[in-house]
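Colleague: Have a peek at work29.txt (compact mmCIF, C-alpha atoms and all ligand atoms).
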# COMPACT_ATOMS: atom_id res chain seq x y z
CA MET A 17 167.30 168.45 147.77
CA GLN A 18 167.70 171.93 146.33
CA ALA A 19 164.42 173.89 146.36
CA THR A 20 163.82 176.20 143.41
CA LEU A 21 160.65 177.60 144.95
CA ILE A 22 159.02 177.46 148.34
CA ILE A 23 155.57 178.56 149.46
CA GLU A 24 155.65 179.00 153.23
CA ASN A 25 153.62 180.10 156.26
CA ALA A 26 150.27 179.32 154.60
CA ASN A 27 147.26 179.41 156.88
CA GLN A 28 146.39 176.04 155.35
CA VAL A 29 148.04 173.72 152.86
CA VAL A 30 145.30 171.32 151.79
CA THR A 31 145.44 168.14 149.71
CA PRO A 32 143.44 164.98 149.14
CA LYS A 33 144.81 162.32 151.45
CA ARG A 34 144.99 159.55 148.90
CA SER A 35 147.78 159.82 146.39
CA SER A 36 146.21 157.46 143.94
CA PHE A 37 142.83 156.10 143.38
CA GLU A 38 140.81 153.01 144.00
CA PHE A 39 137.16 152.25 143.69
CA SER A 40 136.31 151.56 147.29
CA ARG A 41 133.02 151.42 149.08
CA THR A 42 134.57 152.41 152.39
CA GLU A 43 136.74 155.29 151.27
CA SER A 44 135.09 156.52 148.11
CA MET A 45 135.71 160.25 148.27
CA GLY A 46 138.47 160.09 150.86
CA GLU A 47 139.61 162.80 153.19
CA LEU A 48 141.70 165.93 153.10
CA VAL A 49 145.01 166.43 154.84
CA ILE A 50 145.32 169.96 156.21
CA TYR A 51 148.60 171.49 157.39
CA GLU A 52 148.17 174.64 159.46
CA ASN A 53 151.08 177.05 158.93
CA GLY A 54 152.02 174.85 155.99
CA ALA A 55 154.57 174.90 153.22
CA VAL A 56 155.26 173.29 149.86
CA ALA A 57 158.81 173.03 148.51
CA VAL A 58 159.39 172.63 144.79
CA GLY A 59 162.46 171.44 142.85
CA GLY A 60 162.21 172.13 139.12
CA GLU A 61 158.84 170.84 137.91
CA GLU A 62 158.16 168.61 140.90
CA ILE A 63 157.03 168.83 144.49
CA LEU A 64 159.85 168.02 146.93
CA ALA A 65 158.11 168.27 150.30
CA VAL A 66 154.76 169.22 151.84
CA GLY A 67 153.95 169.75 155.51
CA PRO A 68 154.22 172.22 158.39
CA THR A 69 156.57 175.09 157.41
CA GLN A 70 159.29 174.25 159.96
CA THR A 71 159.38 170.60 158.87
CA VAL A 72 159.56 171.44 155.17
CA LEU A 73 162.30 174.03 155.73
CA ALA A 74 164.35 171.39 157.56
CA GLN A 75 163.93 168.90 154.70
CA VAL A 76 165.18 170.94 151.75
CA GLU A 77 168.13 173.12 150.85
CA ILE A 78 167.36 176.75 150.30
CA SER A 79 169.77 179.02 148.48
CA SER A 80 169.81 182.64 147.40
CA THR A 81 168.20 181.60 144.10
CA THR A 82 165.21 179.88 145.76
CA GLN A 83 162.05 181.83 145.02
CA ARG A 84 160.09 182.29 148.28
CA ILE A 85 156.39 183.06 148.49
CA ASP A 86 154.98 184.09 151.82
CA ALA A 87 151.41 182.73 152.01
CA ARG A 88 150.51 184.10 155.43
CA GLY A 89 146.72 184.19 155.84
CA LYS A 90 146.24 182.27 152.58
CA THR A 91 145.38 178.72 151.52
CA VAL A 92 147.35 176.47 149.16
CA THR A 93 145.74 173.62 147.19
CA PRO A 94 146.69 171.51 144.16
CA GLY A 95 146.01 173.22 140.83
CA LEU A 96 142.41 172.48 139.83
CA VAL A 97 141.78 169.98 137.06
CA ASP A 98 138.86 170.46 134.66
CA PRO A 99 138.09 167.07 133.08
CA HIS A 100 135.42 168.10 130.52
CA THR A 101 135.74 171.22 128.34
CA HIS A 102 134.87 172.28 124.80
CA PRO A 103 137.31 175.18 124.32
CA VAL A 104 137.78 174.93 120.53
CA PHE A 105 135.00 177.13 119.18
CA PHE A 106 134.98 180.21 116.98
CA GLY A 107 132.53 182.96 117.90
CA THR A 108 130.20 183.01 120.89
CA ARG A 109 126.43 182.54 121.27
CA GLU A 110 125.22 185.39 123.48
CA ASN A 111 122.24 185.82 121.10
CA GLU A 112 121.02 182.35 122.14
CA PHE A 113 121.63 183.20 125.79
CA GLU A 114 119.29 186.18 125.41
CA MET A 115 116.69 184.04 123.63
CA ARG A 116 116.78 181.58 126.52
CA VAL A 117 116.47 184.41 129.03
CA LEU A 118 113.34 185.50 127.16
CA GLY A 119 111.81 182.03 127.44
CA ARG A 120 112.91 179.89 124.46
CA SER A 121 114.23 176.46 125.39
CA TYR A 122 117.62 175.15 124.36
CA GLN A 123 115.95 172.39 122.35
CA GLU A 124 113.82 174.93 120.42
CA ILE A 125 116.91 176.99 119.64
CA ALA A 126 118.80 173.87 118.54
CA ARG A 127 115.95 172.78 116.26
CA ALA A 128 116.00 176.22 114.62
CA GLY A 129 119.66 175.70 113.68
CA GLY A 130 121.25 177.13 116.84
CA GLY A 131 123.14 175.19 119.49
CA ILE A 132 126.04 172.95 118.52
CA ARG A 133 125.20 173.25 114.81
CA SER A 134 125.63 177.02 114.94
CA SER A 135 129.10 176.60 116.47
CA VAL A 136 129.91 174.09 113.74
CA ARG A 137 129.09 176.61 111.00
CA SER A 138 131.33 179.24 112.64
CA LEU A 139 134.27 176.91 113.23
CA ARG A 140 134.27 175.61 109.68
CA GLN A 141 134.76 179.18 108.38
CA ALA A 142 137.84 179.77 110.52
CA SER A 143 141.35 178.96 109.34
CA HIS A 144 143.76 177.12 111.62
CA ALA A 145 145.48 180.43 112.45
CA GLU A 146 142.20 182.21 113.22
CA LEU A 147 141.01 179.37 115.42
CA LEU A 148 144.33 179.24 117.27
CA ALA A 149 144.17 183.00 117.89
CA ALA A 150 140.67 182.59 119.35
CA VAL A 151 141.44 179.61 121.61
CA LEU A 152 144.86 180.60 122.98
CA PRO A 153 143.75 183.56 125.19
CA ARG A 154 140.95 181.45 126.73
CA MET A 155 143.61 179.60 128.74
CA GLN A 156 144.38 182.77 130.72
CA THR A 157 140.87 182.70 132.22
CA PHE A 158 141.30 179.08 133.31
CA LEU A 159 144.56 180.02 135.07
CA GLU A 160 143.01 183.07 136.72
CA ASN A 161 140.43 180.72 138.24
CA GLY A 162 143.01 178.26 139.54
CA THR A 163 142.77 175.59 136.81
CA THR A 164 146.13 174.22 135.65
CA THR A 165 145.03 171.21 133.54
CA ILE A 166 142.00 170.76 131.30
CA GLU A 167 140.66 168.00 129.14
CA ALA A 168 139.86 169.60 125.76
CA LYS A 169 137.42 168.16 123.24
CA SER A 170 137.03 168.71 119.53
CA GLY A 171 133.45 168.40 118.29
CA TYR A 172 132.52 171.65 116.53
CA GLY A 173 134.09 170.58 113.24
CA LEU A 174 132.19 167.39 112.39
CA SER A 175 134.11 166.80 109.18
CA PRO A 176 137.49 165.10 108.79
CA GLU A 177 139.36 168.33 108.04
CA ASP A 178 137.59 170.44 110.68
CA GLU A 179 137.93 167.84 113.44
CA ILE A 180 141.64 167.42 112.63
CA LYS A 181 142.02 171.23 112.54
CA SER A 182 140.44 171.42 116.03
CA LEU A 183 142.71 168.73 117.47
CA GLU A 184 145.78 170.35 115.90
CA VAL A 185 144.78 173.63 117.53
CA ILE A 186 144.50 171.84 120.90
CA ARG A 187 148.02 170.45 120.38
CA GLU A 188 149.43 173.86 119.51
CA VAL A 189 147.67 175.66 122.39
CA ASN A 190 149.11 173.00 124.70
CA GLN A 191 152.62 173.84 123.52
CA ARG A 192 152.27 177.62 123.64
CA GLN A 193 151.06 178.41 127.15
CA PRO A 194 151.22 176.90 130.67
CA VAL A 195 147.83 175.12 131.03
CA ASP A 196 148.10 171.42 130.11
CA LEU A 197 145.46 170.31 127.59
CA VAL A 198 144.53 166.62 127.41
CA PRO A 199 142.92 166.03 123.99
CA THR A 200 139.67 164.16 123.30
CA PHE A 201 138.18 163.43 119.87
CA LEU A 202 134.44 164.20 119.86
CA GLY A 203 133.50 163.78 116.20
CA ALA A 204 130.23 162.27 117.42
CA HIS A 205 129.04 165.49 119.11
CA GLU A 206 126.11 165.98 116.70
CA ILE A 207 125.08 164.88 113.22
CA PRO A 208 126.27 167.65 110.86
CA ASP A 209 123.69 169.42 108.67
CA GLU A 210 124.88 167.80 105.43
CA PHE A 211 124.30 164.31 106.91
CA ARG A 212 120.88 165.09 108.47
CA ASN A 213 119.28 162.51 106.18
CA ASP A 214 122.17 160.06 106.20
CA ARG A 215 123.33 159.51 109.76
CA SER A 216 124.86 156.14 108.94
CA GLY A 217 126.94 157.90 106.25
CA TYR A 218 128.37 160.25 108.89
CA ILE A 219 129.04 157.42 111.33
CA ARG A 220 130.89 155.61 108.52
CA GLN A 221 132.99 158.73 108.03
CA ILE A 222 133.88 158.73 111.74
CA LEU A 223 134.78 155.04 111.69
CA GLU A 224 136.61 154.89 108.38
CA ILE A 225 138.26 158.30 108.03
CA MET A 226 138.34 160.34 111.24
CA LEU A 227 139.22 157.74 113.89
CA PRO A 228 142.10 156.17 111.92
CA ARG A 229 143.56 159.63 111.16
CA VAL A 230 143.24 160.83 114.75
CA ALA A 231 144.90 157.64 116.01
CA ASP A 232 147.62 157.69 113.36
CA GLN A 233 148.62 161.26 114.13
CA HIS A 234 148.28 160.76 117.93
CA LEU A 235 145.94 163.72 118.09
CA ALA A 236 143.78 162.47 120.99
CA GLU A 237 143.97 160.22 124.05
CA PHE A 238 140.24 159.76 124.40
CA CYS A 239 137.19 159.34 122.18
CA ASP A 240 133.90 160.80 123.40
CA ILE A 241 130.32 160.68 122.07
CA PHE A 242 127.13 162.59 122.89
CA CYS A 243 124.78 159.70 123.69
CA GLU A 244 121.33 161.19 124.20
CA GLU A 245 117.83 160.96 122.75
CA GLY A 246 117.89 162.82 119.40
CA VAL A 247 121.69 162.75 119.14
CA TYR A 248 123.50 159.34 119.22
CA SER A 249 121.85 156.12 120.39
CA PRO A 250 123.47 153.67 122.84
CA GLU A 251 124.02 151.24 119.94
CA GLU A 252 125.84 153.91 117.92
CA ALA A 253 127.90 154.80 121.01
CA ARG A 254 128.88 151.16 121.45
CA LEU A 255 129.94 150.93 117.80
CA ILE A 256 132.03 154.11 117.77
CA LEU A 257 133.62 153.68 121.20
CA THR A 258 134.53 150.05 120.54
CA ALA A 259 136.21 151.03 117.27
CA ALA A 260 138.06 153.87 119.03
CA LYS A 261 139.27 151.54 121.75
CA LYS A 262 140.74 149.17 119.16
CA LEU A 263 142.76 152.11 117.82
CA GLY A 264 144.09 152.95 121.28
CA LEU A 265 141.70 155.80 122.22
CA ARG A 266 140.09 155.32 125.62
CA PRO A 267 136.33 155.81 125.65
CA LYS A 268 134.48 158.65 127.37
CA ILE A 269 130.78 159.36 127.02
CA HIS A 270 128.27 162.21 127.47
CA ALA A 271 125.43 160.18 128.98
CA ASN A 272 122.06 160.50 130.71
CA GLN A 273 122.12 164.31 130.64
CA LEU A 274 118.58 165.27 129.70
CA ALA A 275 116.69 162.01 130.23
CA PRO A 276 117.26 158.42 131.37
CA GLY A 277 118.94 156.35 128.67
CA GLY A 278 121.42 153.60 127.97
CA GLY A 279 124.59 155.72 127.96
CA ALA A 280 125.79 154.92 131.48
CA LYS A 281 125.45 151.18 130.80
CA ILE A 282 127.42 151.51 127.55
CA ALA A 283 130.16 153.32 129.52
CA SER A 284 130.43 150.31 131.79
CA GLU A 285 130.25 147.84 128.93
CA VAL A 286 133.04 149.41 126.84
CA GLY A 287 135.24 150.18 129.85
CA ALA A 288 135.08 153.97 129.55
CA ILE A 289 137.47 155.88 131.78
CA SER A 290 134.63 158.28 132.64
CA ALA A 291 130.97 158.98 132.03
CA GLU A 292 129.87 162.60 132.06
CA HIS A 293 126.73 164.54 133.07
CA LEU A 294 124.75 161.55 134.47
CA ASP A 295 121.89 163.74 135.68
CA TYR A 296 119.41 160.90 135.10
CA VAL A 297 120.96 157.66 136.33
CA SER A 298 119.32 154.74 138.12
CA THR A 299 120.66 152.74 141.06
CA GLU A 300 121.41 150.01 138.57
CA ASP A 301 123.44 152.42 136.39
CA ILE A 302 125.43 153.55 139.44
CA GLN A 303 126.16 149.92 140.33
CA ALA A 304 127.34 149.19 136.78
CA LEU A 305 129.67 152.24 136.81
CA PHE A 306 131.17 151.08 140.10
CA THR A 307 131.72 147.51 138.91
CA ALA A 308 133.40 148.69 135.71
CA GLY A 309 135.51 151.37 137.44
CA VAL A 310 134.08 154.34 135.50
CA VAL A 311 134.66 157.80 137.02
CA PRO A 312 131.47 159.92 137.07
CA VAL A 313 132.12 163.50 135.93
CA LEU A 314 129.27 165.76 137.05
CA LEU A 315 128.56 169.16 135.50
CA PRO A 316 126.16 171.11 137.69
CA SER A 317 126.96 174.39 135.93
CA ALA A 318 125.36 173.02 132.73
CA VAL A 319 122.17 172.16 134.63
CA PHE A 320 122.17 175.62 136.22
CA TYR A 321 122.89 177.46 132.96
CA LEU A 322 120.14 175.62 131.09
CA ASN A 323 117.80 176.59 133.91
CA LEU A 324 116.98 172.93 134.57
CA THR A 325 116.26 171.53 137.98
CA HIS A 326 117.23 167.86 137.81
CA PHE A 327 120.76 167.48 139.18
CA ALA A 328 122.83 164.28 139.24
CA PRO A 329 122.31 162.05 142.29
CA ALA A 330 125.82 162.67 143.59
CA ARG A 331 125.21 161.45 147.16
CA ALA A 332 123.93 158.09 145.92
CA MET A 333 127.07 157.81 143.77
CA ILE A 334 129.35 158.64 146.70
CA GLU A 335 127.52 156.18 148.95
CA ALA A 336 127.91 153.51 146.26
CA GLY A 337 131.67 154.04 146.30
CA LEU A 338 132.10 156.10 143.16
CA PRO A 339 134.82 158.79 143.07
CA VAL A 340 132.74 161.75 141.91
CA ALA A 341 134.59 164.34 139.80
CA LEU A 342 133.36 167.82 138.85
CA SER A 343 133.85 169.90 135.72
CA THR A 344 132.72 173.19 134.20
CA ASP A 345 131.58 171.76 130.82
CA TYR A 346 133.08 175.00 129.45
CA ASN A 347 131.40 175.66 126.07
CA PRO A 348 129.82 178.67 124.33
CA GLY A 349 126.21 177.42 124.54
CA THR A 350 125.21 175.49 127.62
CA SER A 351 127.88 176.40 130.19
CA PHE A 352 130.02 179.41 129.40
CA THR A 353 132.32 179.43 132.41
CA GLU A 354 135.96 178.51 133.09
CA SER A 355 135.38 178.63 136.85
CA MET A 356 135.82 175.37 138.76
CA PRO A 357 135.14 177.19 142.07
CA MET A 358 131.70 178.06 140.62
CA ALA A 359 131.17 174.35 139.86
CA MET A 360 132.17 173.62 143.46
CA THR A 361 129.60 176.06 144.87
CA LEU A 362 126.86 174.53 142.70
CA ALA A 363 127.98 171.04 143.70
CA CYS A 364 127.71 171.95 147.38
CA ILE A 365 124.33 173.64 147.05
CA GLN A 366 122.65 171.39 144.47
CA LEU A 367 124.47 168.05 144.73
CA HIS A 368 125.00 168.24 148.51
CA LEU A 369 128.73 167.67 148.37
CA THR A 370 130.67 168.99 151.34
CA PRO A 371 133.34 171.62 150.57
CA ALA A 372 135.96 168.91 151.24
CA GLU A 373 134.33 166.53 148.77
CA ALA A 374 134.05 169.34 146.21
CA LEU A 375 137.81 169.97 146.51
CA ILE A 376 138.63 166.28 146.04
CA ALA A 377 136.22 166.17 143.08
CA THR A 378 138.05 169.05 141.34
CA THR A 379 141.57 167.80 142.03
CA LEU A 380 142.39 164.11 142.48
CA ASN A 381 139.15 162.60 141.16
CA ALA A 382 139.15 165.00 138.20
CA ALA A 383 142.74 163.97 137.44
CA MET A 384 141.66 160.30 137.53
CA ALA A 385 138.90 161.02 135.00
CA ILE A 386 141.61 161.96 132.47
CA ASN A 387 144.23 159.37 133.45
CA ARG A 388 146.47 161.88 135.23
CA GLY A 389 146.02 160.77 138.85
CA HIS A 390 149.62 159.59 139.08
CA LEU A 391 150.93 163.03 138.07
CA ILE A 392 148.62 165.71 139.47
CA GLY A 393 145.60 166.26 141.73
CA SER A 394 147.28 166.00 145.14
CA LEU A 395 150.27 167.55 146.87
CA GLU A 396 153.01 165.03 147.51
CA SER A 397 156.65 164.65 146.67
CA GLY A 398 157.24 163.45 143.13
CA LYS A 399 154.01 164.82 141.67
CA LEU A 400 154.05 167.85 139.35
CA ALA A 401 154.23 171.17 141.18
CA ASP A 402 150.83 172.51 140.08
CA LEU A 403 149.70 174.74 142.95
CA VAL A 404 147.35 177.58 143.71
CA VAL A 405 147.72 180.13 146.50
CA TRP A 406 144.20 181.36 147.22
CA ASN A 407 143.39 184.59 148.97
CA MET A 408 141.26 182.94 151.65
CA PRO A 409 141.85 181.72 155.21
CA ASN A 410 140.71 178.11 154.67
CA TYR A 411 139.67 175.74 151.88
CA ARG A 412 135.93 175.98 152.62
CA HIS A 413 135.92 179.51 151.18
CA LEU A 414 136.49 178.04 147.69
CA ALA A 415 132.84 176.94 147.54
CA TYR A 416 131.48 179.34 150.15
CA HIS A 417 132.71 182.67 148.70
CA PHE A 418 131.21 182.27 145.26
CA GLY A 419 131.40 184.00 141.90
CA VAL A 420 134.64 185.88 142.58
CA GLY A 421 138.29 185.37 141.69
CA LEU A 422 140.13 184.06 144.75
CA ALA A 423 143.25 182.72 143.04
CA GLU A 424 146.19 184.93 143.91
CA THR A 425 149.21 183.04 142.61
CA VAL A 426 149.24 180.03 140.28
CA ILE A 427 152.26 177.74 139.90
CA LYS A 428 152.37 175.36 136.93
CA ARG A 429 155.13 172.73 136.72
CA GLY A 430 157.09 174.65 139.32
CA LYS A 431 156.88 178.07 137.62
CA MET A 432 154.80 181.05 138.65
CA VAL A 433 152.46 181.60 135.68
CA TYR A 434 149.85 183.93 137.15
CA LYS A 435 149.88 186.56 139.86
CA LYS A 436 146.95 188.82 140.65
CA SER A 437 147.98 192.45 140.76
CA PRO A 438 147.29 194.39 143.94
CA LEU A 439 144.76 197.21 144.23
CA LEU A 440 146.25 200.46 143.00
CA ILE A 441 145.68 202.90 145.85
ZN ZN B 501 130.15 168.41 127.11
Starting from the coordinates I provided, produce the structure as structure tokens.

Modeller:
Amino acid sequence: MQATLIIENANQVVTPKRSSFEFSRTESMGELVIYENGAVAVGGEEILAVGPTQTVLAQVEISSTTQRIDARGKTVTPGLVDPHTHPVFFGTRENEFEMRVLGRSYQEIARAGGGIRSSVRSLRQASHAELLAAVLPRMQTFLENGTTTIEAKSGYGLSPEDEIKSLEVIREVNQRQPVDLVPTFLGAHEIPDEFRNDRSGYIRQILEIMLPRVADQHLAEFCDIFCEEGVYSPEEARLILTAAKKLGLRPKIHANQLAPGGGAKIASEVGAISAEHLDYVSTEDIQALFTAGVVPVLLPSAVFYLNLTHFAPARAMIEAGLPVALSTDYNPGTSFTESMPMAMTLACIQLHLTPAEALIATTLNAAMAINRGHLIGSLESGKLADLVVWNMPNYRHLAYHFGVGLAETVIKRGKMVYKKSPLLI
């Protein structure tokens, strides 16, 4: 086996132990495997070998063309996977941030025409080319923070042409830079202003025009809906997600974020791949998610950024056997961050995950939430070579040393795509 690249002498090479995923009460979050003085060998786009440096060096052929990275004193993990982002927006909302800092609530701002509806107005004014130019550079920040794959939702268009434009931009961004984008159609993110008095008219437009076009043009793998009091009801979620499923789009759902509701149960009923937020779920909801095999994607940075205090009951989920995943919820209103390590710190502090659980939740379990567990999320031969060399002595620092950029080198599909430049002294 000819290695094209080898990372060697790492203080730690760390990976989730499981290579694939099962809903299991005994091994829900699993364990990490840690190789001290570890190495990862890569051939083309794939991982060839992982283990102690001497063992890996004995397993592969190294030639003068093999790129070698000395990771002495550093830690290597799988590339992080962000399974819930809203990166297709035009213009930011720092004015709302300031209003919230001064005491207005998000709901007040939304009622006054801010929030998602404000992003919808901006996105509709942008051409495809303008939107592409805005979204493309955002991927650099994900890479700088160690994220190599994201799920990317539409949802700021809310009309057939603007939702299609958003999904086409996701497709083009995916082709033009290293981060992999997994597309989700979120036409049911809000009710657009022009349908304020005719919500069934908008839902008809989703069912009859948007979903068939998205499916026809293979623009999304998943269909999501914001199921919450004042947005979409559980019955509407059932209707839209069932129709999407018939067209080959797997359901996802924003559920139980701001109050208890029926969203988590609908996720189980329609066989969603994941249910997201879940800050207000009951024991019964957790049981239903387990039985139906739905991955819970938790977004503590959204709770933090909205200055709320009610975090998802992650420990109860883990004890029930659910494979908890974490995400940033990257969006311009309620969680403006690309940093998965920040989500890990919040998960440790507020959800009481251990640093090991937080790493599994941002790699393998996150990959499972977007149907990529067979390809990414752990380090083993045959999986894609998505790797991060972190400037830290052990994996616990990822959550422990918070709010700073620790990623030093990022490898995507076997190629170095980001390298931090050294201090100029
Ligand atoms: Zn979201």

Colleague: So that I can see what lies close to stretch 354-359 of chain A, please list as a list in words the residues with an atom at most 6 Å from it, counting all atoms listed in the file and leaving out residues fewer than 5 positions away in the same chain.

Modeller: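 My list of contacting residues is Phe158, Asn161, Ser317, Thr344, Tyr346, Leu414 and Ala415 of chain A.
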
Colleague: Please give me, as a ChimeraX atom specification, the residues lying within 8 Å of ligand ZN 501 (chain B) when counting only C-alpha atoms and all ligand atoms.

Modeller: /A:100-102,242,270,292-293,345-347

Colleague: For each of A:Ala308, A:Leu439, A:Ala74, A:Ile376, take the minimum atom-to-atom distance to A:Val97, counting all atoms listed in the file, then give the residue where this is smallest.

Modeller: A:Ile376

Colleague: For stretch 127-142 of chain A, take all atoms listed in the file, fit an axis-aligned box around them, add 5 Å to each of the six sides, then output centre and edge lengths in Å rounded to one decimal, as JSON.

Modeller:
{"center_x": 126.9, "center_y": 176.3, "center_z": 113.9, "size_x": 31.9, "size_y": 17.0, "size_z": 21.1}

Colleague: Would you mind listing what lies within 8 Å of A:Ala283 as a ChimeraX atom specification, with all atoms listed in the file counted and same-chain residues fewer than 2 positions away left out?

Modeller: /A:267-269,279-281,285-288,290-291,305,310

Colleague: Tell me which of A:Met115, A:Met360, A:Val297, A:Ile85 sits closest to A:Gly131, counting only C-alpha atoms.

Modeller: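 So, comparing all the options, the nearest one is A:Met115.
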
Colleague: Please provide as JSON, numbers by chain all residues within 9 Å of A:Leu322, with the sequence filter that same-chain residues fewer than 4 positions apart are discarded (counting all atoms listed in the file).

Modeller: {"A": [116, 121, 122, 317, 318, 350, 351]}

Colleague: Would you pick out the contacts of stretch 46-50 of chain A at 8 Å or less, using all atoms listed in the file, so that residues sharing its chain but fewer than 4 positions from it are not included, and give the list as a list in words?

Modeller: Gln28, Val29, Val30, Thr31, Pro32, Lys33, Arg34, Ala372, Glu373 and Ile376 of chain A

Colleague: Counting only C-alpha atoms, which of A:Lys431, A:Arg120, A:Arg215, A:Lys436 gets nearest to A:Gln193?

Modeller: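 Of all the options, A:Lys431 lies closest to A:Gln193.
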
Colleague: Quote the spacing between atom CA of A:Phe238 and atom CA of A:Leu380 in Å to one decimal place.

Modeller: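 Between these atoms lies a distance of 18.7 Å.
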
Colleague: Rounded to one decimal in Å, what is the spacing between atom CA of A:Phe306 and atom CA of A:Thr378?

Modeller: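 That distance, rounded to one decimal, is 19.3 Å.
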
Colleague: Name the closest residue to A:Ala385 among the candidates A:Ser343, A:Gln303, A:Asn25, A:Thr108; distances are taken between atoms, counting only C-alpha atoms.

Modeller: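 Checking each of A:Ser343, A:Gln303, A:Asn25, A:Thr108 against A:Ala385, counting only C-alpha atoms, the winner is A:Ser343.
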
Colleague: Nearest to A:Ile63 among A:Gly162, A:Gly430, A:Gly277, A:Pro176, with distances taken over all atoms listed in the file: which residue is it?

Modeller: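 Residue with the minimum atom-to-atom distance to A:Ile63: A:Gly430.
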
Colleague: So how many Å separate atom CA of A:Thr163 and atom CA of A:Leu375, to one decimal?

Modeller: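 That distance, rounded to one decimal, is 12.3 Å.
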
Colleague: Got a sec: who's within 8 Å of A:Ala374, counting all atoms listed in the file, leaving out chain neighbours fewer than 3 positions off, as a PyMOL selection string?

Modeller: chain A and resi 342+360+363-364+369-371+377-378+415

Colleague: Given the point (142.5, 166.3, 140.2) in the file's coordinates, find the residues that have an atom at most 9 Å from it, counting only C-alpha atoms, and give them as a list of chain:residue names.

Modeller: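 Protein and nucleic acid residues near the point are A:Pro94, A:Gly95, A:Leu96, A:Val97, A:Asp98, A:Pro99, A:Thr165, A:Ala341, A:Leu375, A:Ile376, A:Ala377, A:Thr378, A:Thr379, A:Leu380, A:Asn381, A:Ala382, A:Ala383, A:Met384, A:Ala385, A:Ile386, A:Arg388, A:Gly389, A:Ile392, A:Gly393, A:Ser394.
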
Colleague: Go ahead and save the residues from that selection, with C-alpha atoms, as a tab-separated table (two decimals), keeping the file's coordinate frame.

Modeller:
chain	number	residue	atom	x	y	z
A	94	PRO	CA	146.69	171.51	144.16
A	95	GLY	CA	146.01	173.22	140.83
A	96	LEU	CA	142.41	172.48	139.83
A	97	VAL	CA	141.78	169.98	137.06
A	98	ASP	CA	138.86	170.46	134.66
A	99	PRO	CA	138.09	167.07	133.08
A	165	THR	CA	145.03	171.21	133.54
A	341	ALA	CA	134.59	164.34	139.80
A	375	LEU	CA	137.81	169.97	146.51
A	376	ILE	CA	138.63	166.28	146.04
A	377	ALA	CA	136.22	166.17	143.08
A	378	THR	CA	138.05	169.05	141.34
A	379	THR	CA	141.57	167.80	142.03
A	380	LEU	CA	142.39	164.11	142.48
A	381	ASN	CA	139.15	162.60	141.16
A	382	ALA	CA	139.15	165.00	138.20
A	383	ALA	CA	142.74	163.97	137.44
A	384	MET	CA	141.66	160.30	137.53
A	385	ALA	CA	138.90	161.02	135.00
A	386	ILE	CA	141.61	161.96	132.47
A	388	ARG	CA	146.47	161.88	135.23
A	389	GLY	CA	146.02	160.77	138.85
A	392	ILE	CA	148.62	165.71	139.47
A	393	GLY	CA	145.60	166.26	141.73
A	394	SER	CA	147.28	166.00	145.14

Colleague: Choose the residue, out of A:Lys90, A:Arg266, A:Arg133, A:Lys261, that has the smallest atom-to-atom separation from A:Pro199; count all atoms listed in the file.

Modeller: A:Arg266

Colleague: Would you list the residues near (148.9, 182.4, 134.1) (no more than 6 Å away, in the coordinates of the file, using all atoms listed in the file) as JSON, numbers by chain?

Modeller: {"A": [156, 159, 433, 434]}

Colleague: Place N, CA, C and O atoms on stretch 146-153 of chain A and deliver the coordinates as a compact mmCIF listing (two decimals), in the coordinates of the input.

Modeller:
# COMPACT_ATOMS: atom_id res chain seq x y z
N GLU A 146 143.27 181.44 112.57
CA GLU A 146 142.20 182.21 113.22
C GLU A 146 141.66 181.47 114.45
O GLU A 146 141.39 182.08 115.49
N LEU A 147 141.52 180.16 114.31
CA LEU A 147 141.01 179.37 115.42
C LEU A 147 142.01 179.37 116.59
O LEU A 147 141.63 179.56 117.74
N LEU A 148 143.28 179.22 116.25
CA LEU A 148 144.33 179.24 117.27
C LEU A 148 144.30 180.58 118.02
O LEU A 148 144.36 180.62 119.26
N ALA A 149 144.18 181.67 117.27
CA ALA A 149 144.17 183.00 117.89
C ALA A 149 142.95 183.18 118.80
O ALA A 149 142.99 183.94 119.77
N ALA A 150 141.86 182.48 118.49
CA ALA A 150 140.67 182.59 119.35
C ALA A 150 140.81 181.74 120.61
O ALA A 150 140.37 182.13 121.69
N VAL A 151 141.41 180.56 120.48
CA VAL A 151 141.44 179.61 121.61
C VAL A 151 142.53 179.95 122.62
O VAL A 151 142.32 179.86 123.83
N LEU A 152 143.69 180.37 122.12
CA LEU A 152 144.86 180.60 122.98
C LEU A 152 144.56 181.50 124.20
O LEU A 152 144.83 181.11 125.34
N PRO A 153 143.96 182.68 124.01
CA PRO A 153 143.75 183.56 125.19
C PRO A 153 142.74 183.01 126.20
O PRO A 153 142.70 183.47 127.33
